[in-house]
$ cat input34.cif   # mmCIF, C-alpha atoms
data_upload
#
loop_
_atom_site.label_atom_id
_atom_site.label_comp_id
_atom_site.auth_asym_id
_atom_site.auth_seq_id
_atom_site.Cartn_x
_atom_site.Cartn_y
_atom_site.Cartn_z
CA MET C 1 -14.53 55.74 47.07
CA GLY C 2 -11.97 53.03 47.78
CA GLN C 3 -9.47 54.53 45.38
CA ALA C 4 -9.96 57.98 46.99
CA LEU C 5 -9.04 56.42 50.32
CA GLY C 6 -6.09 54.57 48.79
CA LEU C 7 -7.74 51.13 48.80
CA ILE C 8 -7.68 48.78 45.78
CA GLN C 9 -8.98 45.26 45.14
CA VAL C 10 -7.04 42.58 43.22
CA ASP C 11 -9.27 39.77 41.88
CA GLN C 12 -8.58 36.04 42.16
CA SER C 13 -6.12 34.56 39.58
CA THR C 14 -4.83 38.08 38.98
CA VAL C 15 -1.86 40.04 40.24
CA ALA C 16 -1.28 43.81 40.23
CA ILE C 17 1.99 45.54 39.41
CA LYS C 18 2.67 48.28 41.99
CA GLU C 19 4.97 51.20 41.19
CA THR C 20 6.33 54.14 43.21
CA PHE C 21 6.85 57.26 41.12
CA GLY C 22 7.03 55.08 37.99
CA LYS C 23 9.49 52.51 39.40
CA PHE C 24 8.54 48.89 40.03
CA ASP C 25 7.84 48.30 43.69
CA GLU C 26 6.15 44.92 44.16
CA VAL C 27 3.58 42.43 42.88
CA LEU C 28 0.27 42.59 44.74
CA GLU C 29 -1.53 39.27 45.33
CA PRO C 30 -5.34 38.89 45.16
CA GLY C 31 -7.14 40.75 47.95
CA CYS C 32 -7.48 44.28 49.33
CA HIS C 33 -4.44 46.55 49.48
CA PHE C 34 -3.70 50.03 50.77
CA LEU C 35 -2.26 52.25 48.07
CA PRO C 36 -1.51 55.85 49.19
CA TRP C 37 -1.48 57.58 45.84
CA CYS C 38 -0.52 60.85 47.46
CA ILE C 39 3.04 59.66 48.00
CA GLY C 40 3.50 58.34 44.44
CA LYS C 41 2.06 54.85 44.82
CA GLN C 42 0.09 53.57 41.81
CA ILE C 43 -0.95 50.43 39.90
CA ALA C 44 0.89 50.10 36.59
CA GLY C 45 -1.34 47.28 35.43
CA TYR C 46 -2.87 43.89 36.07
CA LEU C 47 -1.66 40.48 34.91
CA SER C 48 -3.91 37.40 34.64
CA LEU C 49 -2.57 34.09 35.98
CA ARG C 50 -5.21 32.02 34.17
CA VAL C 51 -4.28 29.52 31.49
CA GLN C 52 -4.83 31.06 28.07
CA GLN C 53 -4.88 29.46 24.66
CA LEU C 54 -3.46 30.75 21.41
CA ASP C 55 -4.19 28.94 18.12
CA VAL C 56 -1.32 29.41 15.69
CA ARG C 57 -1.76 28.55 12.01
CA CYS C 58 1.56 28.26 10.20
CA GLU C 59 1.93 27.58 6.48
CA THR C 60 5.09 25.75 5.50
CA LYS C 61 6.42 23.30 2.92
CA THR C 62 7.31 19.65 3.45
CA LYS C 63 10.37 17.85 2.15
CA ASP C 64 8.42 16.52 -0.85
CA ASN C 65 7.40 20.09 -1.83
CA VAL C 66 3.83 20.06 -0.50
CA PHE C 67 2.49 23.19 1.19
CA VAL C 68 0.59 22.47 4.43
CA ASN C 69 -1.04 24.49 7.19
CA VAL C 70 0.13 23.33 10.63
CA VAL C 71 -2.35 24.34 13.33
CA ALA C 72 -0.80 24.52 16.82
CA SER C 73 -2.74 25.24 20.01
CA VAL C 74 -0.46 26.88 22.57
CA GLN C 75 -1.60 26.97 26.20
CA TYR C 76 0.28 29.43 28.40
CA ARG C 77 0.03 31.40 31.63
CA ALA C 78 2.14 33.85 33.61
CA LEU C 79 3.95 32.59 36.72
CA ALA C 80 3.22 34.54 39.90
CA ASP C 81 6.88 34.64 40.96
CA LYS C 82 7.88 35.99 37.55
CA ALA C 83 4.98 38.36 37.05
CA SER C 84 7.26 41.41 36.88
CA ASP C 85 9.29 39.86 34.04
CA ALA C 86 6.13 38.96 32.15
CA PHE C 87 4.77 42.48 32.58
CA TYR C 88 7.89 44.54 31.81
CA ARG C 89 9.90 42.35 29.42
CA LEU C 90 7.13 41.10 27.11
CA SER C 91 5.55 43.82 25.04
CA ASN C 92 3.12 41.58 23.13
CA THR C 93 2.93 38.10 24.58
CA ARG C 94 0.73 36.53 21.89
CA GLU C 95 2.80 37.78 18.97
CA GLN C 96 6.05 36.68 20.60
CA ILE C 97 4.69 33.18 21.28
CA GLN C 98 3.46 33.03 17.69
CA SER C 99 6.96 33.94 16.46
CA TYR C 100 8.51 31.13 18.51
CA VAL C 101 6.02 28.61 17.13
CA PHE C 102 6.60 29.77 13.55
CA ASP C 103 10.36 29.38 13.92
CA VAL C 104 10.16 25.86 15.32
CA ILE C 105 7.55 24.56 12.87
CA ARG C 106 9.29 26.01 9.84
CA ALA C 107 12.53 24.43 11.02
CA SER C 108 11.01 20.97 11.68
CA VAL C 109 8.36 20.29 9.01
CA PRO C 110 10.58 20.94 5.92
CA LYS C 111 12.72 18.00 7.04
CA MET C 112 9.77 15.58 6.73
CA ASN C 113 7.71 14.19 3.90
CA LEU C 114 3.97 14.83 4.04
CA ASP C 115 3.12 11.32 5.25
CA ASP C 116 5.84 11.51 7.92
CA ALA C 117 4.51 14.87 9.13
CA PHE C 118 1.12 13.26 9.83
CA GLU C 119 2.77 10.42 11.73
CA GLN C 120 5.21 12.61 13.71
CA LYS C 121 2.88 15.28 15.07
CA ASN C 122 4.07 14.47 18.58
CA GLU C 123 7.69 15.10 17.59
CA ILE C 124 6.75 18.50 16.17
CA ALA C 125 4.88 19.33 19.39
CA LYS C 126 7.90 18.26 21.43
CA ALA C 127 10.15 20.58 19.43
CA VAL C 128 7.81 23.50 20.06
CA GLU C 129 7.52 22.54 23.73
CA ASN C 130 11.28 22.92 24.08
CA GLU C 131 10.74 26.61 23.29
CA LEU C 132 7.42 27.08 25.09
CA GLU C 133 5.92 25.54 28.19
CA LYS C 134 2.78 23.86 26.82
CA THR C 135 2.10 23.17 23.18
CA LEU C 136 -0.34 20.90 21.43
CA ILE C 137 -0.28 20.22 17.70
CA VAL C 138 -3.97 20.15 16.82
CA ASP C 139 -3.91 19.32 13.14
CA ILE C 140 -1.89 19.32 9.94
CA GLU C 141 -4.15 20.51 7.16
CA PRO C 142 -2.97 20.43 3.53
CA ASP C 143 -4.29 22.97 1.08
CA GLU C 144 -7.55 22.00 -0.66
CA HIS C 145 -5.81 21.62 -4.03
CA VAL C 146 -3.12 19.52 -2.37
CA LYS C 147 -5.80 17.31 -0.79
CA ARG C 148 -7.40 16.77 -4.18
CA ALA C 149 -4.02 16.02 -5.77
CA MET C 150 -3.15 13.63 -2.94
CA ASN C 151 -6.45 11.80 -3.38
CA GLU C 152 -5.82 11.47 -7.11
CA ILE C 153 -2.29 10.22 -6.48
CA ASN C 154 -3.52 7.70 -3.93
CA ALA C 155 -6.30 6.57 -6.26
CA ALA C 156 -3.82 6.17 -9.12
CA ALA C 157 -1.50 4.21 -6.85
CA ARG C 158 -4.34 1.91 -5.82
CA LEU C 159 -5.37 1.40 -9.46
CA ARG C 160 -1.77 0.70 -10.39
CA LEU C 161 -1.49 -1.83 -7.58
CA ALA C 162 -4.77 -3.46 -8.63
CA ALA C 163 -3.60 -3.67 -12.26
CA SER C 164 -0.32 -5.20 -11.13
CA GLU C 165 -2.14 -7.77 -9.00
CA LYS C 166 -4.52 -8.57 -11.87
CA ALA C 167 -1.62 -9.00 -14.31
CA GLU C 168 0.18 -11.23 -11.82
CA ALA C 169 -2.98 -13.33 -11.39
CA GLU C 170 -3.38 -13.66 -15.17
CA LYS C 171 0.28 -14.62 -15.46
CA ILE C 172 -0.13 -17.32 -12.82
CA LEU C 173 -3.32 -18.53 -14.55
CA GLN C 174 -1.56 -18.79 -17.91
CA ILE C 175 1.36 -20.65 -16.34
CA LYS C 176 -0.98 -23.08 -14.63
CA ARG C 177 -2.94 -23.52 -17.85
CA ALA C 178 0.26 -24.22 -19.79
CA GLU C 179 1.45 -26.64 -17.11
CA GLY C 180 -1.91 -28.40 -17.22
CA ASP C 181 -1.81 -28.60 -21.02
CA ALA C 182 1.73 -30.00 -20.95
CA GLU C 183 0.76 -32.55 -18.31
CA SER C 184 -2.31 -33.52 -20.35
CA LYS C 185 -0.23 -34.02 -23.48
CA TYR C 186 2.36 -35.98 -21.50
CA LEU C 187 -0.30 -38.30 -20.11
CA ALA C 188 -1.89 -38.63 -23.57
CA GLY C 189 1.52 -39.60 -24.97
CA LEU C 190 1.95 -42.19 -22.26
CA GLY C 191 -1.48 -43.57 -23.09
CA ILE C 192 -0.70 -43.83 -26.81
CA ALA C 193 2.66 -45.46 -26.09
CA ARG C 194 1.05 -48.00 -23.79
CA GLN C 195 -1.68 -48.65 -26.37
CA ARG C 196 0.88 -49.35 -29.08
CA GLN C 197 2.91 -51.51 -26.73
CA ALA C 198 -0.22 -53.51 -25.93
CA ILE C 199 -0.93 -53.94 -29.67
CA VAL C 200 2.62 -55.15 -30.28
CA ASP C 201 2.46 -57.56 -27.35
CA GLY C 202 -0.89 -58.88 -28.57
CA LEU C 203 0.39 -59.43 -32.10
CA ARG C 204 3.47 -61.19 -30.78
CA ASP C 205 1.41 -63.51 -28.62
CA SER C 206 -0.99 -64.20 -31.53
CA VAL C 207 1.87 -65.03 -33.90
CA LEU C 208 3.53 -67.36 -31.41
CA ALA C 209 0.26 -69.13 -30.56
CA PHE C 210 -0.71 -69.58 -34.23
CA SER C 211 2.74 -70.95 -35.14
CA GLU C 212 2.56 -73.49 -32.35
CA ASN C 213 -0.99 -74.67 -33.15
CA VAL C 214 -0.64 -74.79 -36.97
CA PRO C 215 2.44 -76.83 -37.98
CA GLY C 216 4.35 -75.72 -41.06
CA THR C 217 3.52 -72.03 -40.76
CA SER C 218 6.18 -69.42 -40.22
CA ALA C 219 5.98 -66.15 -38.37
CA LYS C 220 6.03 -64.35 -41.75
CA ASP C 221 2.90 -66.22 -42.95
CA VAL C 222 1.08 -65.32 -39.75
CA MET C 223 2.04 -61.65 -40.00
CA ASP C 224 0.84 -61.52 -43.61
CA MET C 225 -2.51 -62.93 -42.56
CA VAL C 226 -2.80 -60.47 -39.64
CA LEU C 227 -1.93 -57.51 -41.85
CA VAL C 228 -4.47 -58.51 -44.49
CA THR C 229 -7.13 -59.00 -41.81
CA GLN C 230 -6.46 -55.54 -40.40
CA TYR C 231 -6.51 -54.12 -43.92
CA PHE C 232 -9.98 -55.48 -44.66
CA ASP C 233 -11.21 -54.37 -41.24
CA THR C 234 -10.06 -50.86 -42.10
CA MET C 235 -11.83 -50.96 -45.46
CA LYS C 236 -14.97 -52.13 -43.72
CA GLU C 237 -14.86 -49.15 -41.34
CA ILE C 238 -14.31 -46.75 -44.25
CA GLY C 239 -17.29 -48.17 -46.06
CA ALA C 240 -19.47 -47.90 -42.96
CA SER C 241 -18.67 -44.20 -42.53
CA SER C 242 -21.37 -41.84 -43.81
CA LYS C 243 -18.78 -39.34 -45.07
CA SER C 244 -16.70 -41.81 -47.04
CA SER C 245 -16.59 -41.92 -50.81
CA SER C 246 -16.17 -44.90 -53.12
CA VAL C 247 -13.00 -46.95 -52.56
CA PHE C 248 -11.76 -49.39 -55.27
CA ILE C 249 -9.96 -52.48 -54.03
CA PRO C 250 -8.07 -54.83 -56.42
CA HIS C 251 -9.66 -58.29 -56.54
CA GLY C 252 -8.14 -61.54 -57.70
CA PRO C 253 -6.12 -64.56 -56.51
CA GLY C 254 -2.92 -62.53 -56.24
CA ALA C 255 -4.55 -59.43 -54.84
CA VAL C 256 -4.27 -60.55 -51.22
CA ARG C 257 -0.56 -61.28 -51.59
CA ASP C 258 0.00 -57.88 -53.25
CA ILE C 259 -1.86 -56.10 -50.47
CA ALA C 260 0.20 -57.87 -47.79
CA ALA C 261 3.43 -57.02 -49.59
CA GLN C 262 2.45 -53.36 -49.92
CA ILE C 263 1.52 -53.08 -46.24
CA ARG C 264 4.75 -54.81 -45.17
CA ASP C 265 6.89 -52.61 -47.44
CA GLY C 266 5.16 -49.50 -46.12
CA GLN C 267 5.86 -50.46 -42.52
CA LEU C 268 9.52 -51.23 -43.29
CA GLN C 269 9.99 -47.86 -45.00
CA ALA C 270 8.33 -46.09 -42.08
CA SER C 271 10.67 -47.89 -39.66
CA LEU C 272 13.72 -46.83 -41.73
CA LEU C 273 12.57 -43.20 -41.73
#
$ encode --input "input34.cif" --output "structure tokens"
Amino acid sequence: MGQALGLIQVDQSTVAIKETFGKFDEVLEPGCHFLPWCIGKQIAGYLSLRVQQLDVRCETKTKDNVFVNVVASVQYRALADKASDAFYRLSNTREQIQSYVFDVIRASVPKMNLDDAFEQKNEIAKAVENELEKTLIVDIEPDEHVKRAMNEINAAARLRLAASEKAEAEKILQIKRAEGDAESKYLAGLGIARQRQAIVDGLRDSVLAFSENVPGTSAKDVMDMVLVTQYFDTMKEIGASSKSSSVFIPHGPGAVRDIAAQIRDGQLQASLL
């Protein structure tokens, strides 16, 4: 009835494109308008001013040759003061926006490695925003096979790092063990040297004391007696050992002198060597 009388209604958040005999006339705002169709007035179409969302999924390749799906959510709306341009100049708004997004993403992502692409999502969104008014990068989703390969690579890298750390720990342990062994041997050597020095000092003191208390004895006589005493003490220990076998010792008046001479000659030869 309204249209028969030349009355039309434009809803809220919508504008109408008015033409006269097929030529653009004006943009009609929301409300009721008089449209005398009998003199060539007509509505060419309606244009929504609401914010719309377009999810764009773009497959591209990163710098390290990994194929990823970049999902971008583009929010857009027509401006009321440019409604005629949006209506007449854009034939398919969604496809044209999608083309812009494809161009920007495929120009930006191939310059990044996969890890960098995850970290620089905001930079990708900014590049798209330079072409469009409102863009949000929702997600960067690698292919399922790529995900599996990435997980295997990361697992291998972690195992390699763990093996390296374990080898380094074993190396440090071996070094510390070797240092401890060397220190132990050094201290043992110091102990043996001090023991021998104490024995020498004790023998020297014994020889000097015996020579002073027993007139007519020389240092050589005292040393012979000490050597023979030590010799018999050694034989006694050998005989007391459960694992020792029979030991034959020469016996006679000159045996003691021979034993002392043999011990003394052995020590002199050892000192010369």
$ resolve_selection --input "input34.cif" --expression "the PyMOL selection byres ((chain C and resi 102-111) around 6)" --output "MDAnalysis selection string"
chainID C and resid 61:63 99:101 112 128
$ write_last_selection --input "input34.cif" --atoms "C-alpha atoms" --output "PDB file, in the frame of the given file"
ATOM      1  CA  LYS C  61       6.420  23.300   2.920  1.00  0.00           C
ATOM      2  CA  THR C  62       7.310  19.650   3.450  1.00  0.00           C
ATOM      3  CA  LYS C  63      10.370  17.850   2.150  1.00  0.00           C
ATOM      4  CA  SER C  99       6.960  33.940  16.460  1.00  0.00           C
ATOM      5  CA  TYR C 100       8.510  31.130  18.510  1.00  0.00           C
ATOM      6  CA  VAL C 101       6.020  28.610  17.130  1.00  0.00           C
ATOM      7  CA  MET C 112       9.770  15.580   6.730  1.00  0.00           C
ATOM      8  CA  VAL C 128       7.810  23.500  20.060  1.00  0.00           C
TER       9      VAL C 128
END
$ atom_distance --input "input34.cif" --atom1 "CA of Ile43 in chain C" --atom2 "CA of Val27 in chain C"
9.7 Å
$ atom_distance --input "input34.cif" --atom1 "CA of Ile8 in chain C" --atom2 "CA of Cys32 in chain C"
5.7 Å
$ atom_distance --input "input34.cif" --atom1 "CA of Gln12 in chain C" --atom2 "CA of His33 in chain C"
13.5 Å
$ residues_around --input "input34.cif" --residues "Gln52 in chain C" --least-positions-apart "5" --cutoff "10 Å" --atoms "all atoms listed in the file" --output "list of chain:residue names"
C:Val74, C:Gln75, C:Tyr76, C:Arg77, C:Ala78, C:Arg94
$ write_last_selection --input "input34.cif" --atoms "C-alpha atoms" --output "mmCIF file, in the coordinates of the input"
data_model
loop_
_atom_site.group_PDB
_atom_site.id
_atom_site.type_symbol
_atom_site.label_atom_id
_atom_site.label_comp_id
_atom_site.auth_asym_id
_atom_site.auth_seq_id
_atom_site.Cartn_x
_atom_site.Cartn_y
_atom_site.Cartn_z
ATOM 1 C CA VAL C 74 -0.460 26.880 22.570
ATOM 2 C CA GLN C 75 -1.600 26.970 26.200
ATOM 3 C CA TYR C 76 0.280 29.430 28.400
ATOM 4 C CA ARG C 77 0.030 31.400 31.630
ATOM 5 C CA ALA C 78 2.140 33.850 33.610
ATOM 6 C CA ARG C 94 0.730 36.530 21.890
#
$ closest_residue --input "input34.cif" --among "C:Asp55, C:Ser84, C:Glu129, C:Asp115" --to "Gln98 in chain C" --atoms "all atoms listed in the file"
C:Asp55
$ resolve_selection --input "input34.cif" --expression "the PyMOL selection byres ((chain C and resi 56) around 6)" --output "JSON list (two decimals) with C-alpha atoms, in the coordinates of the input"
[["chain", "number", "residue", "atom", "x", "y", "z"],
["C", 55, "ASP", "CA", -4.19, 28.94, 18.12],
["C", 57, "ARG", "CA", -1.76, 28.55, 12.01],
["C", 71, "VAL", "CA", -2.35, 24.34, 13.33],
["C", 72, "ALA", "CA", -0.80, 24.52, 16.82]]
$ residues_around --input "input34.cif" --residues "range 35-41 of chain C" --least-positions-apart "2" --cutoff "8 Å" --atoms "all atoms listed in the file" --output "list in words"
Leu5, Gly6, Leu7, Ile8, Lys18, Glu19, Thr20, Phe21, His33 and Ile43 of chain C
$ write_last_selection --input "input34.cif" --atoms "C-alpha atoms" --output "mmCIF file, in the coordinates of the input"
data_model
loop_
_atom_site.group_PDB
_atom_site.id
_atom_site.type_symbol
_atom_site.label_atom_id
_atom_site.label_comp_id
_atom_site.auth_asym_id
_atom_site.auth_seq_id
_atom_site.Cartn_x
_atom_site.Cartn_y
_atom_site.Cartn_z
ATOM 1 C CA LEU C 5 -9.040 56.420 50.320
ATOM 2 C CA GLY C 6 -6.090 54.570 48.790
ATOM 3 C CA LEU C 7 -7.740 51.130 48.800
ATOM 4 C CA ILE C 8 -7.680 48.780 45.780
ATOM 5 C CA LYS C 18 2.670 48.280 41.990
ATOM 6 C CA GLU C 19 4.970 51.200 41.190
ATOM 7 C CA THR C 20 6.330 54.140 43.210
ATOM 8 C CA PHE C 21 6.850 57.260 41.120
ATOM 9 C CA HIS C 33 -4.440 46.550 49.480
ATOM 10 C CA ILE C 43 -0.950 50.430 39.900
#
